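Asks: Handing you this structure, nothing more for now.
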Amino acid sequence: MNAPQNIDADSWTVAGRTFRSRLIVGTGKYKSLEQNAATVAASGAEIVTVAVRRVNISDPNAPMLTDHIDPKKVTYLPNTAGCFTAEDAIRTLRLAREAGGWKLVKLEVLAEAKTLYPDMIETVRATELLTKEGFEVMVYCTDDPIMARRCEDAGAVAIMPLGAPIGSGLGVQNPVTIRLIVEGAKVPVLVDAGVGTASDAAAAMELGCDGVLMNTAIAEAKDPILMARAMKAAVESGRLAYRAGRMAKRRYADPSSPLAGLI
């Protein structure tokens, strides 16, 4: 009989930093900075991703996110949302490093505005250049095991394949390729984009992902704070299910009680 696993000891590490929460949340689309802060607290997230080009983190004359979410208590993950070339992404992250000293960053290089799919050629190029400059790059990428490996070879400290298009809420559309990425990666894998509700987050974690990143699913819920709590529970339950090891799928019924020895 296998010994029970220590639930409380479960954690994950990226670029030498260890976290207990496997839920990363965004800081866009909220009605106010106060609401954003409340959802972060409800989610239990230890990392928040921040769009450097859209969220104020450096101008003290305007409302600042850092006044509501303490960067000493929550790890900020600057991202390059809205960048369509490697040069734009690199320039954006250099600004983030100057503003807050951040080296752990999330890279997004988009191919077009309609789908917000990543341009993987530019993404790999930017990953290489940023790594050479000393950045620790978590990379948003397609759900393609080959391109995920290219990102890792380029220096990515985490692979972040999309579950579905950004903001779509469609859930994980290709669990087969996500699972292949998980099996092949030597760095953490986190589903990024496409989560719509708690079952989507649980499904991503059941595939063996190290975490899930989401923004719209919480921010656009009718009750964002309650949804943040739901997502926290979903990520935790999906992780437990993965660690427990699900039963095998069968084509036919298998009775829960033995048929032998019936009266």
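By convention here, the chains of the structure tokens are called A, B, ... in the order presented, each chain's residues are numbered starting at 1, and ligands are numbered starting at 1 in the order presented.
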Could you name the residues that touch region 211-222 of chain A at 7 Å or less, counting only C-alpha atoms, but leaving out those on the same chain fewer than 5 positions away, as a VMD selection string?
Replies: chain A and resid 22 to 30 167 169 189 to 193 195 to 197 201 205 227 to 228
Asks: Since we have the selection now, will you write its residues out, keeping all heavy atoms, as a compact mmCIF listing (two decimals), in the first residue's frame?
Replies:
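Output saved as again.txt:
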```txt
# COMPACT_ATOMS: atom_id res chain seq x y z
N ARG A 22 -0.49 27.61 -6.80
CA ARG A 22 -0.25 27.30 -8.21
C ARG A 22 -1.19 28.11 -9.11
O ARG A 22 -1.30 27.82 -10.30
CB ARG A 22 -0.42 25.79 -8.43
CG ARG A 22 0.64 24.98 -7.71
CD ARG A 22 0.40 23.48 -7.80
NE ARG A 22 1.44 22.77 -7.08
CZ ARG A 22 2.59 22.36 -7.61
NH1 ARG A 22 2.84 22.60 -8.89
NH2 ARG A 22 3.49 21.72 -6.88
N LEU A 23 -1.81 29.10 -8.54
CA LEU A 23 -2.70 29.99 -9.29
C LEU A 23 -2.04 31.36 -9.43
O LEU A 23 -1.66 31.98 -8.44
CB LEU A 23 -4.04 30.13 -8.57
CG LEU A 23 -5.05 31.12 -9.13
CD1 LEU A 23 -5.42 30.78 -10.56
CD2 LEU A 23 -6.30 31.16 -8.25
N ILE A 24 -1.88 31.79 -10.67
CA ILE A 24 -1.36 33.14 -10.96
C ILE A 24 -2.50 33.95 -11.55
O ILE A 24 -3.23 33.46 -12.42
CB ILE A 24 -0.19 33.08 -11.96
CG1 ILE A 24 0.95 32.24 -11.38
CG2 ILE A 24 0.30 34.49 -12.30
CD1 ILE A 24 2.12 32.05 -12.34
N VAL A 25 -2.69 35.16 -11.06
CA VAL A 25 -3.81 35.97 -11.53
C VAL A 25 -3.32 37.28 -12.14
O VAL A 25 -2.23 37.76 -11.83
CB VAL A 25 -4.83 36.26 -10.40
CG1 VAL A 25 -5.45 34.97 -9.90
CG2 VAL A 25 -4.17 37.00 -9.25
N GLY A 26 -4.15 37.83 -13.01
CA GLY A 26 -3.81 39.05 -13.71
C GLY A 26 -4.30 40.30 -13.00
O GLY A 26 -4.96 40.23 -11.96
N THR A 27 -4.00 41.45 -13.60
CA THR A 27 -4.35 42.73 -12.98
C THR A 27 -5.03 43.64 -14.01
O THR A 27 -4.93 44.87 -13.92
CB THR A 27 -3.09 43.42 -12.41
OG1 THR A 27 -2.08 43.46 -13.43
CG2 THR A 27 -2.56 42.66 -11.21
N GLY A 28 -5.74 43.05 -14.95
CA GLY A 28 -6.45 43.84 -15.95
C GLY A 28 -7.94 43.60 -15.90
O GLY A 28 -8.41 42.62 -15.34
N LYS A 29 -8.70 44.54 -16.46
CA LYS A 29 -10.15 44.44 -16.64
C LYS A 29 -10.98 44.57 -15.36
O LYS A 29 -12.19 44.40 -15.39
CB LYS A 29 -10.53 43.11 -17.32
CG LYS A 29 -9.94 42.95 -18.72
CD LYS A 29 -10.47 41.70 -19.40
CE LYS A 29 -9.95 41.58 -20.82
NZ LYS A 29 -10.46 40.39 -21.51
N TYR A 30 -10.34 44.87 -14.24
CA TYR A 30 -11.11 45.02 -12.99
C TYR A 30 -11.73 46.41 -12.91
O TYR A 30 -11.24 47.37 -13.51
CB TYR A 30 -10.21 44.77 -11.78
CG TYR A 30 -9.84 43.31 -11.62
CD1 TYR A 30 -8.65 42.81 -12.15
CD2 TYR A 30 -10.69 42.43 -10.98
CE1 TYR A 30 -8.32 41.47 -12.03
CE2 TYR A 30 -10.37 41.09 -10.86
CZ TYR A 30 -9.19 40.62 -11.38
OH TYR A 30 -8.88 39.28 -11.27
N GLY A 167 -8.70 35.40 -23.31
CA GLY A 167 -9.99 36.02 -23.04
C GLY A 167 -11.19 35.28 -23.60
O GLY A 167 -12.32 35.76 -23.50
N GLY A 169 -12.35 32.11 -22.73
CA GLY A 169 -13.10 31.33 -21.75
C GLY A 169 -13.51 29.95 -22.25
O GLY A 169 -14.42 29.33 -21.70
N VAL A 189 5.49 24.00 -16.33
CA VAL A 189 4.52 24.25 -17.40
C VAL A 189 3.24 24.78 -16.76
O VAL A 189 2.70 24.16 -15.83
CB VAL A 189 4.20 22.96 -18.19
CG1 VAL A 189 3.12 23.22 -19.23
CG2 VAL A 189 5.46 22.41 -18.84
N LEU A 190 2.77 25.92 -17.24
CA LEU A 190 1.56 26.54 -16.71
C LEU A 190 0.63 26.88 -17.86
O LEU A 190 1.05 27.52 -18.83
CB LEU A 190 1.87 27.82 -15.92
CG LEU A 190 2.83 27.68 -14.73
CD1 LEU A 190 4.28 27.94 -15.16
CD2 LEU A 190 2.46 28.63 -13.61
N VAL A 191 -0.62 26.47 -17.76
CA VAL A 191 -1.59 26.86 -18.78
C VAL A 191 -1.87 28.34 -18.64
O VAL A 191 -2.16 28.84 -17.55
CB VAL A 191 -2.89 26.04 -18.67
CG1 VAL A 191 -4.03 26.73 -19.40
CG2 VAL A 191 -2.68 24.64 -19.25
N ASP A 192 -1.78 29.04 -19.74
CA ASP A 192 -1.95 30.49 -19.74
C ASP A 192 -2.94 30.86 -20.84
O ASP A 192 -2.64 30.67 -22.02
CB ASP A 192 -0.59 31.15 -20.00
CG ASP A 192 -0.66 32.67 -20.10
OD1 ASP A 192 -1.72 33.23 -19.79
OD2 ASP A 192 0.35 33.27 -20.48
N ALA A 193 -4.08 31.36 -20.47
CA ALA A 193 -5.10 31.85 -21.40
C ALA A 193 -6.14 30.79 -21.71
O ALA A 193 -5.83 29.62 -21.91
CB ALA A 193 -4.50 32.37 -22.71
N VAL A 195 -8.90 29.89 -19.83
CA VAL A 195 -9.71 29.38 -18.73
C VAL A 195 -10.96 30.24 -18.56
O VAL A 195 -10.88 31.47 -18.60
CB VAL A 195 -8.89 29.37 -17.42
CG1 VAL A 195 -9.77 29.11 -16.21
CG2 VAL A 195 -7.79 28.32 -17.50
N GLY A 196 -12.12 29.59 -18.39
CA GLY A 196 -13.37 30.33 -18.25
C GLY A 196 -14.04 30.13 -16.91
O GLY A 196 -14.68 31.03 -16.38
N THR A 197 -13.87 28.93 -16.35
CA THR A 197 -14.52 28.63 -15.09
C THR A 197 -13.68 27.61 -14.33
O THR A 197 -12.64 27.15 -14.80
CB THR A 197 -15.96 28.11 -15.32
OG1 THR A 197 -16.65 28.06 -14.08
CG2 THR A 197 -15.96 26.74 -15.99
N ALA A 201 -9.87 25.14 -14.91
CA ALA A 201 -8.63 25.20 -14.14
C ALA A 201 -8.29 23.83 -13.57
O ALA A 201 -7.13 23.40 -13.60
CB ALA A 201 -8.78 26.22 -13.01
N MET A 205 -4.91 21.38 -14.35
CA MET A 205 -4.06 20.83 -13.30
C MET A 205 -4.04 19.31 -13.33
O MET A 205 -3.01 18.68 -13.02
CB MET A 205 -4.53 21.32 -11.93
CG MET A 205 -4.39 22.82 -11.71
SD MET A 205 -2.71 23.44 -11.96
CE MET A 205 -1.80 22.53 -10.72
N MET A 227 -15.48 34.16 -7.56
CA MET A 227 -14.84 33.34 -8.59
C MET A 227 -13.37 33.09 -8.25
O MET A 227 -12.84 32.00 -8.52
CB MET A 227 -14.97 34.01 -9.96
CG MET A 227 -14.39 33.18 -11.10
SD MET A 227 -15.17 31.56 -11.30
CE MET A 227 -16.65 32.05 -12.22
N ALA A 228 -12.72 34.07 -7.66
CA ALA A 228 -11.33 33.89 -7.26
C ALA A 228 -11.21 32.75 -6.24
O ALA A 228 -10.29 31.93 -6.31
CB ALA A 228 -10.76 35.18 -6.68
```
Asks: Please return as JSON, numbers by chain: the residues of region 1-195 of chain A that backbone DSSP assigns to strand (DSSP E).
Replies: {"A": [12, 13, 14, 17, 18, 19, 23, 24, 25, 26, 47, 48, 49, 50, 51, 75, 76, 77, 78, 79, 104, 105, 106, 107, 136, 137, 138, 139, 140, 141, 158, 159, 160, 161, 190, 191, 192]}
Asks: Create the file for the chosen residues now, containing C-alpha atoms and written as a PDB file, in the first residue's frame.
Replies:
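Written file, again.pdb:
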```
ATOM      1  CA  TRP A  12       6.713  24.396  -7.148  1.00  0.00           C
ATOM      2  CA  THR A  13       9.828  26.313  -8.089  1.00  0.00           C
ATOM      3  CA  VAL A  14      10.640  28.642 -10.980  1.00  0.00           C
ATOM      4  CA  ARG A  17      11.808  30.918  -6.323  1.00  0.00           C
ATOM      5  CA  THR A  18       9.462  28.538  -4.533  1.00  0.00           C
ATOM      6  CA  PHE A  19       5.695  29.036  -4.282  1.00  0.00           C
ATOM      7  CA  LEU A  23      -2.701  29.988  -9.290  1.00  0.00           C
ATOM      8  CA  ILE A  24      -1.359  33.138 -10.957  1.00  0.00           C
ATOM      9  CA  VAL A  25      -3.814  35.972 -11.531  1.00  0.00           C
ATOM     10  CA  GLY A  26      -3.807  39.054 -13.706  1.00  0.00           C
ATOM     11  CA  ILE A  47       2.180  35.892  -8.154  1.00  0.00           C
ATOM     12  CA  VAL A  48       0.328  38.562 -10.125  1.00  0.00           C
ATOM     13  CA  THR A  49       1.058  39.329 -13.743  1.00  0.00           C
ATOM     14  CA  VAL A  50       1.211  42.989 -14.730  1.00  0.00           C
ATOM     15  CA  ALA A  51       0.936  44.411 -18.244  1.00  0.00           C
ATOM     16  CA  THR A  75       5.581  38.570  -6.577  1.00  0.00           C
ATOM     17  CA  TYR A  76       5.031  40.853  -9.562  1.00  0.00           C
ATOM     18  CA  LEU A  77       5.431  39.228 -12.965  1.00  0.00           C
ATOM     19  CA  PRO A  78       5.731  41.994 -15.588  1.00  0.00           C
ATOM     20  CA  ASN A  79       4.440  40.914 -18.979  1.00  0.00           C
ATOM     21  CA  LEU A 104      11.444  37.312 -13.570  1.00  0.00           C
ATOM     22  CA  VAL A 105       9.154  38.249 -16.440  1.00  0.00           C
ATOM     23  CA  LYS A 106       6.464  36.878 -18.699  1.00  0.00           C
ATOM     24  CA  LEU A 107       7.084  37.176 -22.421  1.00  0.00           C
ATOM     25  CA  GLU A 136      14.362  34.956 -16.266  1.00  0.00           C
ATOM     26  CA  VAL A 137      11.732  34.446 -18.927  1.00  0.00           C
ATOM     27  CA  MET A 138       8.416  32.659 -18.524  1.00  0.00           C
ATOM     28  CA  VAL A 139       7.146  32.244 -22.075  1.00  0.00           C
ATOM     29  CA  TYR A 140       3.590  32.399 -23.437  1.00  0.00           C
ATOM     30  CA  CYS A 141       3.468  30.002 -26.376  1.00  0.00           C
ATOM     31  CA  ALA A 158       8.820  28.221 -17.611  1.00  0.00           C
ATOM     32  CA  ILE A 159       6.613  27.229 -20.534  1.00  0.00           C
ATOM     33  CA  MET A 160       3.111  28.751 -20.659  1.00  0.00           C
ATOM     34  CA  PRO A 161       1.040  27.202 -23.456  1.00  0.00           C
ATOM     35  CA  LEU A 190       1.556  26.541 -16.708  1.00  0.00           C
ATOM     36  CA  VAL A 191      -1.588  26.856 -18.784  1.00  0.00           C
ATOM     37  CA  ASP A 192      -1.948  30.494 -19.744  1.00  0.00           C
TER      38      ASP A 192
END
```
Asks: Return as CSV the residues of region 134-171 of chain A lying at most 12 Å from region 111-120 of chain A, together with the closest atom-to-atom pair for each and the distance in Å to one decimal, counting only C-alpha atoms, with rows in chain order and ascending residue number.
Replies:
```
residue,atom,partner,partner_atom,distance
A:Val139,CA,A:Pro118,CA,9.9
A:Tyr140,CA,A:Pro118,CA,7.2
A:Cys141,CA,A:Pro118,CA,5.9
A:Thr142,CA,A:Pro118,CA,6.5
A:Asp143,CA,A:Pro118,CA,10.2
A:Asp144,CA,A:Met120,CA,10.0
A:Ile146,CA,A:Met120,CA,10.7
A:Met147,CA,A:Met120,CA,7.2
A:Ala148,CA,A:Met120,CA,9.3
A:Arg149,CA,A:Met120,CA,11.5
A:Arg150,CA,A:Met120,CA,9.2
A:Cys151,CA,A:Met120,CA,8.6
A:Ala154,CA,A:Met120,CA,11.8
A:Met160,CA,A:Pro118,CA,11.0
A:Pro161,CA,A:Pro118,CA,9.7
A:Leu162,CA,A:Tyr117,CA,8.6
A:Gly163,CA,A:Tyr117,CA,11.2
A:Ala164,CA,A:Tyr117,CA,9.3
A:Pro165,CA,A:Thr115,CA,6.3
A:Ile166,CA,A:Leu116,CA,6.5
A:Gly167,CA,A:Leu116,CA,9.4
A:Ser168,CA,A:Thr115,CA,9.6
```
Asks: CA of Leu129 (chain A) to CA of Val187 (chain A): how many Å, to one decimal?
Replies: 18.8 Å
Asks: Please report the interatomic distance between CA of Ser32 (chain A) and CA of Ala62 (chain A) in Å with one decimal.
Replies: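 A separation of 13.3 Å between them.
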Asks: In terms of the shortest atom-to-atom distance over only C-alpha atoms, which of A:Ala203, A:Ala86, A:Ala37, A:Ala15 is closest to Asn174 (chain A)?
Replies: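 Counting only C-alpha atoms, the residue closest to Asn174 (chain A) is A:Ala203.
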Asks: For Glu133 (chain A), please output as a list of chain:residue names all residues within 12 Å (counting only C-alpha atoms; exclusion window: fewer than 2 positions along the same chain).
Replies: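 The residues satisfying every condition are A:Ile90, A:Arg91, A:Leu93, A:Arg94, A:Arg97, A:Lys103, A:Leu104, A:Ala126, A:Thr127, A:Glu128, A:Leu129, A:Leu130, A:Thr131, A:Phe135, A:Glu136, A:Val137, A:Gly155.
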Asks: When you draw a straight line from CA of Asp10 (chain A) to CA of Tyr242 (chain A), how long is it in Å?
Replies: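 Taking CA of Asp10 (chain A) and CA of Tyr242 (chain A), their separation equals 12.2 Å.
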Asks: For Ser43 (chain A), list every protein, DNA or RNA residue within 8 Å, evaluated using only C-alpha atoms, and leave out those in the same chain fewer than 6 positions away; present the list as a list of chain:residue names.
Replies: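 Contacts, in chain order: A:Leu23, A:Ile225, A:Ala228, A:Arg229, A:Ala230, A:Met231, A:Lys232.
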Asks: With N, CA and C atoms retained, write the just-selected residues as a PDB file, in the first residue's frame.
Replies:
```pdb
ATOM      1  N   LEU A  23      -1.815  29.101  -8.544  1.00  0.00           N
ATOM      2  CA  LEU A  23      -2.701  29.988  -9.290  1.00  0.00           C
ATOM      3  C   LEU A  23      -2.038  31.357  -9.430  1.00  0.00           C
ATOM      4  N   ILE A 225     -14.724  38.208  -6.733  1.00  0.00           N
ATOM      5  CA  ILE A 225     -14.104  37.709  -5.500  1.00  0.00           C
ATOM      6  C   ILE A 225     -14.522  36.266  -5.240  1.00  0.00           C
ATOM      7  N   ALA A 228     -12.716  34.075  -7.659  1.00  0.00           N
ATOM      8  CA  ALA A 228     -11.325  33.888  -7.256  1.00  0.00           C
ATOM      9  C   ALA A 228     -11.210  32.750  -6.242  1.00  0.00           C
ATOM     10  N   ARG A 229     -12.157  32.694  -5.322  1.00  0.00           N
ATOM     11  CA  ARG A 229     -12.181  31.598  -4.342  1.00  0.00           C
ATOM     12  C   ARG A 229     -12.418  30.267  -5.032  1.00  0.00           C
ATOM     13  N   ALA A 230     -13.322  30.263  -6.022  1.00  0.00           N
ATOM     14  CA  ALA A 230     -13.613  29.036  -6.765  1.00  0.00           C
ATOM     15  C   ALA A 230     -12.376  28.553  -7.512  1.00  0.00           C
ATOM     16  N   MET A 231     -11.649  29.482  -8.129  1.00  0.00           N
ATOM     17  CA  MET A 231     -10.451  29.114  -8.873  1.00  0.00           C
ATOM     18  C   MET A 231      -9.362  28.575  -7.954  1.00  0.00           C
ATOM     19  N   LYS A 232      -9.242  29.141  -6.782  1.00  0.00           N
ATOM     20  CA  LYS A 232      -8.269  28.646  -5.796  1.00  0.00           C
ATOM     21  C   LYS A 232      -8.562  27.188  -5.460  1.00  0.00           C
TER      22      LYS A 232
END
```
Asks: Report as CSV the residues of region 156-228 of chain A within 12 Å of region 243-251 of chain A, each with its shortest atom pair and distance in Å (one decimal), using only C-alpha atoms, ordered by chain and increasing residue number.
Replies:
```
residue,atom,partner,partner_atom,distance
A:Met205,CA,A:Arg243,CA,9.8
A:Glu206,CA,A:Arg243,CA,8.4
A:Leu207,CA,A:Arg243,CA,10.2
A:Gly208,CA,A:Arg243,CA,8.3
A:Cys209,CA,A:Arg243,CA,11.0
A:Asp210,CA,A:Arg243,CA,11.3
```
